[in-house]
Amino acid sequence: DAGVTQSPTHLIKTRGQQVTLRCSPKSGHDTVSWYQQALGQGPQFIFQYYEEEERQRGNFPDRFSGHQFPNYSSELNVNALLLGDSALYLCASSSLAEGRGDTQYFGPGTRLTVL
Amino acid sequence: GNSVTQMEGPVTLSEEAFLTINCTYTATGYPSLFWYVQYPGEGLQLLLKATKADDKGSNKGFEATYRKETTSFHLEKGSVQVSDSAVYFCAFLSGGTGGFKTIFGAGTRLFVKA
(Lines give C-alpha, C1' and ligand atoms only; values in the text may rest on other atoms or scores of the structure.)
Protein backbone atom coordinates (compact mmCIF):
# COMPACT_ATOMS: atom_id res chain seq x y z
CA ASP A 1 0.00 0.00 0.00
CA ALA A 2 1.73 3.15 -1.23
CA GLY A 3 1.72 6.07 1.12
CA VAL A 4 1.55 9.72 0.15
CA THR A 5 4.00 10.54 -2.62
CA GLN A 6 5.28 13.93 -3.74
CA SER A 7 7.34 15.19 -6.63
CA PRO A 8 9.84 16.56 -7.17
CA THR A 9 11.97 15.96 -4.08
CA HIS A 10 13.97 19.15 -4.48
CA LEU A 11 13.54 22.24 -6.63
CA ILE A 12 15.54 25.40 -7.13
CA LYS A 13 13.90 28.47 -8.65
CA THR A 14 14.66 32.17 -8.93
CA ARG A 15 12.55 35.06 -7.71
CA GLY A 16 9.58 35.84 -9.91
CA GLN A 17 9.33 32.37 -11.39
CA GLN A 18 6.41 30.00 -11.04
CA VAL A 19 6.48 26.47 -9.62
CA THR A 20 4.17 23.44 -9.59
CA LEU A 21 4.41 20.73 -6.96
CA ARG A 22 2.59 17.41 -7.18
CA CYS A 23 1.05 15.01 -4.71
CA SER A 24 -0.57 11.59 -4.89
CA PRO A 25 -2.61 10.67 -1.81
CA LYS A 26 -2.51 7.41 0.08
CA SER A 27 -4.59 4.73 -1.55
CA GLY A 28 -8.26 5.09 -0.60
CA HIS A 29 -7.93 8.71 0.51
CA ASP A 30 -10.02 11.45 -1.08
CA THR A 31 -8.85 14.63 0.66
CA VAL A 32 -5.55 16.43 0.12
CA SER A 33 -4.12 19.27 2.17
CA TRP A 34 -0.97 21.32 1.60
CA TYR A 35 1.33 22.75 4.26
CA GLN A 36 4.38 25.00 4.21
CA GLN A 37 7.16 24.28 6.70
CA ALA A 38 9.80 26.98 6.99
CA LEU A 39 13.15 26.00 8.47
CA GLY A 40 12.94 25.39 12.20
CA GLN A 41 9.17 25.87 12.37
CA GLY A 42 6.03 23.77 12.44
CA PRO A 43 3.99 23.26 9.27
CA GLN A 44 1.46 25.96 8.36
CA PHE A 45 -1.78 25.08 6.58
CA ILE A 46 -2.13 26.42 3.02
CA PHE A 47 -5.38 24.83 1.77
CA GLN A 48 -7.41 21.64 1.48
CA TYR A 49 -9.08 19.97 -1.49
CA TYR A 50 -11.99 17.56 -1.56
CA GLU A 51 -14.06 16.53 -4.57
CA GLU A 52 -11.87 18.77 -6.72
CA GLU A 53 -12.84 21.89 -4.78
CA GLU A 54 -10.96 24.04 -2.30
CA ARG A 55 -12.71 23.54 1.04
CA GLN A 56 -10.63 25.61 3.40
CA ARG A 57 -7.73 28.03 3.08
CA GLY A 58 -5.10 29.30 5.47
CA ASN A 59 -3.49 32.74 5.56
CA PHE A 60 -1.63 32.55 2.29
CA PRO A 61 -1.81 35.02 -0.61
CA ASP A 62 -3.51 34.32 -3.91
CA ARG A 63 -0.10 33.55 -5.43
CA PHE A 64 -0.67 30.12 -3.90
CA SER A 65 -3.24 28.11 -5.82
CA GLY A 66 -4.08 24.48 -6.21
CA HIS A 67 -6.01 21.85 -8.01
CA GLN A 68 -7.34 18.39 -7.36
CA PHE A 69 -7.87 15.89 -10.15
CA PRO A 70 -10.57 13.20 -10.47
CA ASN A 71 -8.06 10.56 -9.29
CA TYR A 72 -7.63 12.65 -6.07
CA SER A 73 -4.07 13.69 -6.86
CA SER A 74 -3.28 17.35 -6.40
CA GLU A 75 -1.02 20.18 -7.51
CA LEU A 76 0.20 23.23 -5.65
CA ASN A 77 1.13 26.22 -7.78
CA VAL A 78 3.05 29.24 -6.56
CA ASN A 79 3.40 32.29 -8.80
CA ALA A 80 5.81 35.22 -8.58
CA LEU A 81 8.13 33.40 -6.20
CA LEU A 82 9.68 35.32 -3.31
CA LEU A 83 12.76 34.43 -1.30
CA GLY A 84 10.45 33.82 1.66
CA ASP A 85 8.69 31.03 -0.21
CA SER A 86 11.75 28.83 0.36
CA ALA A 87 10.48 25.98 2.53
CA LEU A 88 9.53 22.32 2.70
CA TYR A 89 6.08 21.84 1.16
CA LEU A 90 4.17 18.95 2.63
CA CYS A 91 1.14 17.20 1.24
CA ALA A 92 -1.21 15.35 3.57
CA SER A 93 -4.05 13.01 2.70
CA SER A 94 -7.03 11.69 4.62
CA SER A 95 -10.36 10.04 3.96
CA LEU A 96 -13.59 11.90 4.62
CA ALA A 97 -15.50 9.00 3.10
CA GLU A 98 -14.39 6.79 6.01
CA GLY A 99 -15.83 9.09 8.64
CA ARG A 100 -14.33 12.17 10.23
CA GLY A 101 -11.11 11.82 8.32
CA ASP A 102 -9.45 12.94 11.50
CA THR A 103 -5.97 11.68 10.80
CA GLN A 104 -3.77 13.21 8.13
CA TYR A 105 -0.90 11.22 6.65
CA PHE A 106 2.00 13.21 5.30
CA GLY A 107 4.28 12.75 2.33
CA PRO A 108 8.06 13.24 2.36
CA GLY A 109 7.76 16.81 1.10
CA THR A 110 9.26 18.93 -1.67
CA ARG A 111 12.15 21.17 -0.67
CA LEU A 112 11.81 24.45 -2.59
CA THR A 113 14.71 26.89 -2.66
CA VAL A 114 14.17 30.34 -4.16
CA LEU A 115 17.32 32.25 -5.11
CA GLY B 1 -7.27 31.52 18.56
CA ASN B 2 -6.23 27.94 17.97
CA SER B 3 -2.63 27.22 18.94
CA VAL B 4 -0.21 24.65 20.31
CA THR B 5 2.60 25.39 22.75
CA GLN B 6 5.46 22.93 23.12
CA MET B 7 8.48 23.01 25.35
CA GLU B 8 11.42 24.60 23.61
CA GLY B 9 14.32 22.50 22.50
CA PRO B 10 16.73 21.22 21.91
CA VAL B 11 16.39 18.49 24.48
CA THR B 12 19.57 16.45 24.96
CA LEU B 13 19.42 13.12 26.77
CA SER B 14 21.64 10.12 27.27
CA GLU B 15 20.51 6.75 25.96
CA GLU B 16 18.02 5.00 28.28
CA ALA B 17 17.00 8.27 29.95
CA PHE B 18 13.35 9.18 30.54
CA LEU B 19 11.78 11.61 28.10
CA THR B 20 9.01 14.14 28.62
CA ILE B 21 8.04 16.76 26.06
CA ASN B 22 5.32 19.07 27.31
CA CYS B 23 2.47 20.19 25.08
CA THR B 24 -0.58 22.33 25.76
CA TYR B 25 -3.19 23.48 23.30
CA THR B 26 -5.85 26.15 22.88
CA ALA B 27 -8.81 24.98 20.84
CA THR B 28 -12.58 25.07 20.54
CA GLY B 29 -14.19 21.90 21.87
CA TYR B 30 -12.32 18.63 22.22
CA PRO B 31 -10.28 18.00 19.11
CA SER B 32 -8.27 14.91 18.21
CA LEU B 33 -4.67 15.26 19.39
CA PHE B 34 -1.52 14.00 17.70
CA TRP B 35 2.22 13.66 18.00
CA TYR B 36 4.15 13.63 14.74
CA VAL B 37 7.87 12.89 14.37
CA GLN B 38 10.22 14.24 11.72
CA TYR B 39 13.56 12.54 11.19
CA PRO B 40 16.37 14.53 9.53
CA GLY B 41 15.61 15.27 5.89
CA GLU B 42 12.23 13.54 5.95
CA GLY B 43 8.54 14.39 6.07
CA LEU B 44 6.22 13.94 9.05
CA GLN B 45 5.28 10.56 10.44
CA LEU B 46 2.30 10.06 12.69
CA LEU B 47 3.64 8.79 16.02
CA LEU B 48 0.45 8.48 18.05
CA LYS B 49 -2.96 10.01 18.53
CA ALA B 50 -5.86 10.29 20.98
CA THR B 51 -9.38 11.22 19.97
CA LYS B 52 -11.16 11.85 23.28
CA ALA B 53 -10.53 12.88 26.86
CA ASP B 54 -8.50 10.43 28.99
CA ASP B 55 -7.52 8.39 25.93
CA LYS B 56 -3.90 7.26 25.91
CA GLY B 57 -2.13 7.05 22.58
CA SER B 58 0.94 4.82 22.35
CA ASN B 59 3.43 3.61 19.77
CA LYS B 60 7.06 2.44 19.76
CA GLY B 61 7.35 2.94 23.53
CA PHE B 62 6.04 6.52 23.36
CA GLU B 63 2.79 7.46 25.03
CA ALA B 64 0.64 10.53 25.66
CA THR B 65 -2.63 11.02 27.53
CA TYR B 66 -5.41 13.42 26.48
CA ARG B 67 -5.95 15.67 29.52
CA LYS B 68 -9.05 17.78 28.98
CA GLU B 69 -8.82 19.58 32.33
CA THR B 70 -5.33 20.91 31.67
CA THR B 71 -5.63 20.96 27.83
CA SER B 72 -2.38 19.02 27.67
CA PHE B 73 -0.97 16.08 25.72
CA HIS B 74 2.55 15.50 27.05
CA LEU B 75 4.75 12.97 25.25
CA GLU B 76 6.69 10.44 27.35
CA LYS B 77 9.05 7.54 26.80
CA GLY B 78 10.63 5.49 29.54
CA SER B 79 13.96 4.77 27.85
CA VAL B 80 15.11 6.69 24.79
CA GLN B 81 17.44 5.36 22.10
CA VAL B 82 19.85 7.14 19.78
CA SER B 83 17.43 6.35 16.94
CA ASP B 84 14.77 8.51 18.63
CA SER B 85 16.75 11.63 17.76
CA ALA B 86 14.32 13.72 15.70
CA VAL B 87 11.97 16.69 15.88
CA TYR B 88 8.64 16.03 17.60
CA PHE B 89 5.50 18.02 16.80
CA CYS B 90 2.39 18.20 18.93
CA ALA B 91 -0.75 18.94 16.93
CA PHE B 92 -4.54 18.91 16.89
CA LEU B 93 -7.23 18.78 14.26
CA SER B 94 -9.31 21.92 13.81
CA GLY B 95 -12.44 22.28 11.74
CA GLY B 96 -15.66 20.53 10.86
CA THR B 97 -17.88 19.74 7.95
CA GLY B 98 -16.57 22.70 5.96
CA GLY B 99 -13.05 21.42 6.01
CA PHE B 100 -10.33 20.81 8.55
CA LYS B 101 -6.66 21.39 9.13
CA THR B 102 -3.96 20.28 11.52
CA ILE B 103 -2.57 22.95 13.85
CA PHE B 104 1.05 22.29 14.81
CA GLY B 105 3.35 23.43 17.54
CA ALA B 106 6.80 24.75 16.67
CA GLY B 107 8.42 21.38 17.30
CA THR B 108 10.92 20.12 19.88
CA ARG B 109 14.25 18.78 18.71
CA LEU B 110 15.52 15.75 20.64
CA PHE B 111 19.16 14.65 20.65
CA VAL B 112 19.98 11.30 22.25
CA LYS B 113 23.64 10.58 23.02
CA ALA B 114 25.07 7.07 23.14
# chains A, B, ... in the order shown; residues from 1 in each chain; ligands from 1
>>> interface_residues(of="chain B", to="chain A", cutoff="10 Å", atoms="only C-alpha atoms", output="PyMOL selection string")
chain B and resi 31-34+36+38+41-46+49+51+87-109
>>> residues_around(residues="A:Leu21", least_positions_apart="6", cutoff="9 Å", atoms="only C-alpha atoms", output="NGL selection string")
:A and (6-8 or 74-78 or 89 or 110)
>>> residues_around(residues="B:Tyr30", least_positions_apart="2", cutoff="8 Å", atoms="only C-alpha atoms", output="list in words")
Ala27, Thr28, Ser32, Lys52, Ala53 and Lys68 of chain B
>>> atom_distance(atom1="atom CA of B:Glu76", atom2="atom CA of A:Val4")
27.7 Å
>>> closest_residue(among="A:Ser94, A:Glu53, A:Asn79, A:Thr9", to="A:Gly28", atoms="only C-alpha atoms")
A:Ser94
>>> closest_residue(among="B:Glu63, B:Leu19, B:Gly29, B:His74", to="B:Gln6", atoms="only C-alpha atoms")
B:His74
>>> closest_residue(among="A:Asp62, A:Gly84, A:Leu115, A:Ser73", to="A:Ser27", atoms="only C-alpha atoms")
A:Ser73
